[in-house]
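What follows is a short report on a single structure.
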Amino acid sequence: MANMPQDLGKEAIAKKGWLAAHRWLILRRISQLGILAAFMAGPWLDLWIVKGNLASSLTLETLPLTDPHILLQAMLSGVVPETTAIIGVFIVLAFYALVGGRVYCSWVCPVNMVTDAAAWLRRKLGIRGASHASRSTRYWILALTLILPLITGGIVWELVNPVSILFRAIVFSMGLAWILILGIFLFDLFVSRDGWCGHYCPVGAFYSLLSVRAPLRVIAVNREACDDCMDCFNVCPEAQVIKPALKGATKGIGPVITATQCTNCGRCIDVCAKDVFEFGNRYSRNQKSSLQPAQNH
Amino acid sequence: MSKTDEKARGVNRRQFLTTTLKTACSVGLMGVGLGFYTQRANALPPMAIRPPGALPEEDFLGACIRCGLCVRDCPFDILFLGQLGDDIPTGSPYFIARTGPCEMCEDIPCVAACPTNALDHSLTDIEKARMGLAVVVDQENCIAFQGLRCEVCFNVCPIRGKAITLDMQHNVRSGKHALFIPVVHSDACTGCGLCEKACILEKAAIKVFPTDLAKGELGHHYRFGWKEKEKAGKALVTPDVEHQYNLPEGVGYDLQGEGLILDGKAQDNAPASPFSSNPLDTLNRKPEDD
């Protein structure tokens with residue numbers, strides 16, 4: 001019954017049509033490219049919607065947004081930030097605490113488009129083999145990014161951070177950033193499935209911590225309709241998050257994907273021909289009574 | 001709990017410990033690598049100048065989050081962010097004086113834009129900025145040293161007459177002209193680089209360097225006698241003995257003034273000498289006069 005990774009989404013496309021089977025993917029690309037476009041309208045068209053980059057930005061000369069992970073590194077190296085940066089951080093924290101921290105990964109981060117492309121090609125070429133690294137490696141690296149400023153007094157991670165380097169490369173100037181990005185693409189393609197984003201990236205690890213109580217979650221509302229086609233597992237960049245919610249009915253686990261690593265990308269919703277998944281409110285009482293989420297996190 | 005369960009748990013615990021240790025070790029190694037890479041990658045080449053108000057380089061690298069807001073708010077677009085592959089720490093802002101010097105905006109928009117104080121917000125007077133220090137680095141090619149009139153650096157300097165002054169010196173080659181030598185004063189120079197940009201040579205003879213690179217430092221034990229004397233109000237070593245000149249009548253000598261004075265006028269101003277101006281008086285004096 002299980003579909004091959006190459007055939008991912010064919011059932012869904014046949015049943016729902018191409019557009020419906022790519023709905024969330026298209027919306028995510030619009031979001032990611034739209035954010036880049038808003039930053040680039042300034043230097044390209046002299047239309048200053050947003051200034052700066054993902055580390056810290058100013059939208060329409062009023063709304064400050066600051067990356068909490070980067071500012072935390074700066075503060076650990078001994079900086080007292082300006083009020084605008086602090087306000088910016090709280091806006092960002094509040095937003096991701098509501099929609100899920102790793103929405104940053106799948107809806108904002110430009111590296112996601114690179115690793116998604118690698119994952120797509122990997123499926124098409126039928127490249128197999130799992131990563132040797134643990135998915136918790138990223139939390140160790142996250143700890144490292146926070147310890148190094150304490151020891152060296154500098155924001156060490158930002159010298160090599162592919163997320164900020166790629167975004168800066170696009171919005172400011174490229175330099176040799178493409179080599180780093182190509183490296184990540186090839187690593188994800190040949191070495192490790194979901195290698196960078198799913199195992200090593202401390203930025204994603206940091207944002208996942210904001211998901212702990214986020215209301216917006218993917219919920220396997222129709223999990224009894226699941227026919228084990230495996231498409232959701234094949235498309236999910238964090239496949240381990242699906243199983244408890246999808247297959248946990250007998251163990252009394254609720255249908256909400258509570259794992260903080262879930263990026264709320266919505267691809268499982270897209271590729272499922274049985275419409276098992278949908279976005280929902282983790283705390284909503286409107287779900288089918290037997291499908292209440294387990295509140296034991 | 002059954003025995004097989006326990007067994008399974010034991011294996012899991014061992015596996016868990018092994019993977020955790022492996023991960024911790026590799027991440028630790030990566031940290032060491034990153035630390036060394038940082039040391040190399042954080043070296044700033046001397047021609048890259050930080051924006052006004054930048055903290056000392058070491059603090060700056062901890063404070064700057066590489067957001068580029070200073071770059072965007074610079075009205076003259078002189079600031080750039082270090083790219084991957086450059087010698088400049090990735091993503092940190094800089095300008096190159098020779099191609100785009102700091103125009104010293106009065107409202108310092110780059111500092112105002114900085115969200116982290118990496119560009120110190122306590123800098124409100126751009127003339128107090130110390131981005132670097134201009135140095136007349138090539139005295140062989142600077143045409144002022146050849147006796148030609150140039151003074152472009154002196155004239156473009158925004159702290160005119162204070163950061164760069166012209167020092168008049170004798171032109172030994174022609175024997176009758178002056179050299180107008182540009183001299184930079186570190187107490188006024190902001191390091192904006194307008195002089196370096198304006199230098200008329202193919203390659204600038206005056207260049208802005210990071211202040212710590214440009215400045216020497218006197219030995220801490222070193223004292224200048226005349227400054228100490230001024231401070232103390234008197235000589236701290238053997239008191240100076242006023243030099244007495246033994247000159248013919250009607251001739252005076254003013255050491256730090258007019259020099260040799262031929263008319264009798266100076267004689268009146270000169271301090272009273274215990275010796276007669278007439279050497280014969282001394283030569284012919286009798287022993288009992290002592």
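In the structure tokens, the first chain shown is A, the next is B, and so on; residue numbers restart at 1 for each chain, and ligands run from 1 in the order shown.
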
Discussion item. Among segment 85-268 of chain A, which ones does DSSP assign to alpha helix (DSSP H) (computed from the backbone)? Answer as a PyMOL selection string.
Written reply: chain A and resi 85-99+103+111-125+137-152+162-171+177-186+195+202-208+231-235+242-247+267-268

Item to complete: Identify all chain B residues at most 6 Å from chain A by counting only C-alpha atoms; ligands do not count. Present them as a PyMOL selection string.
Response: chain B and resi 61-63+67-69+83-85+90+115-116

Item to complete: Would you list, as a VMD selection string, the residues of segment 133-263 of chain B that end up in strand (DSSP E or B) under DSSP run on this structure's backbone?
Response: chain B and resid 133 to 136 164 to 170 178 to 184 206 to 209 252 to 254 259 to 261

Which residues of segment 77-189 of chain B come within 8 Å of segment 209-214 of chain B, and what is each one's closest atom pair and distance in Å (one decimal), counting only C-alpha atoms, sorted by chain and residue number, as a tab-separated table?
```
residue	atom	partner	partner_atom	distance
B:Arg130	CA	B:Thr211	CA	7.8
B:Met131	CA	B:Pro210	CA	7.1
B:Gly132	CA	B:Pro210	CA	4.4
B:Leu133	CA	B:Thr211	CA	5.1
B:Ala134	CA	B:Phe209	CA	6.3
B:Val135	CA	B:Ala214	CA	7.0
```

Write the residues of the selection above to a file with C-alpha atoms, as a PDB file, in the first residue's frame.
```pdb
ATOM      1  CA  ARG B 130      37.092  58.527  15.952  1.00  0.00           C
ATOM      2  CA  MET B 131      36.713  56.149  13.020  1.00  0.00           C
ATOM      3  CA  GLY B 132      40.436  56.014  12.498  1.00  0.00           C
ATOM      4  CA  LEU B 133      43.342  58.408  12.101  1.00  0.00           C
ATOM      5  CA  ALA B 134      44.671  60.004   8.927  1.00  0.00           C
ATOM      6  CA  VAL B 135      48.406  59.579   8.429  1.00  0.00           C
TER       7      VAL B 135
END
```

Item to complete: Could you check how far atom CA of Gly257 of chain B sits from atom CA of Ala144 of chain B, in Å to one decimal?
Response: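 These two atoms are separated by 28.7 Å.
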
Worksheet entry | segment 89-104 of chain A surroundings by only C-alpha atoms, 10 Å radius, close-in-sequence under 4 positions cut, as a ChimeraX atom specification | /A:28,32,56,63-72,83-85,108-110,112,203-217,260-265,281

Item to complete: Would you list the contacts of segment 242-244 of chain A as JSON, numbers by chain, taking every protein, DNA or RNA residue within 12 Å and counting only C-alpha atoms, but skipping same-chain residues closer than 6 positions in sequence?
Response: {"A": [217, 218, 219, 220, 223, 226, 228, 230, 231, 232, 233, 234, 235, 236, 250, 251, 252, 253, 254, 255, 256, 257, 258, 259, 260, 261, 262, 263, 264, 266, 267, 268, 269, 276, 277, 293, 294]}

Item to complete: May I ask for the distance between atom CA of Leu36 of chain A and atom CA of Ala119 of chain A, given in Å to one decimal place?
Response: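 Computing it gives 22.0 Å between the two atoms.
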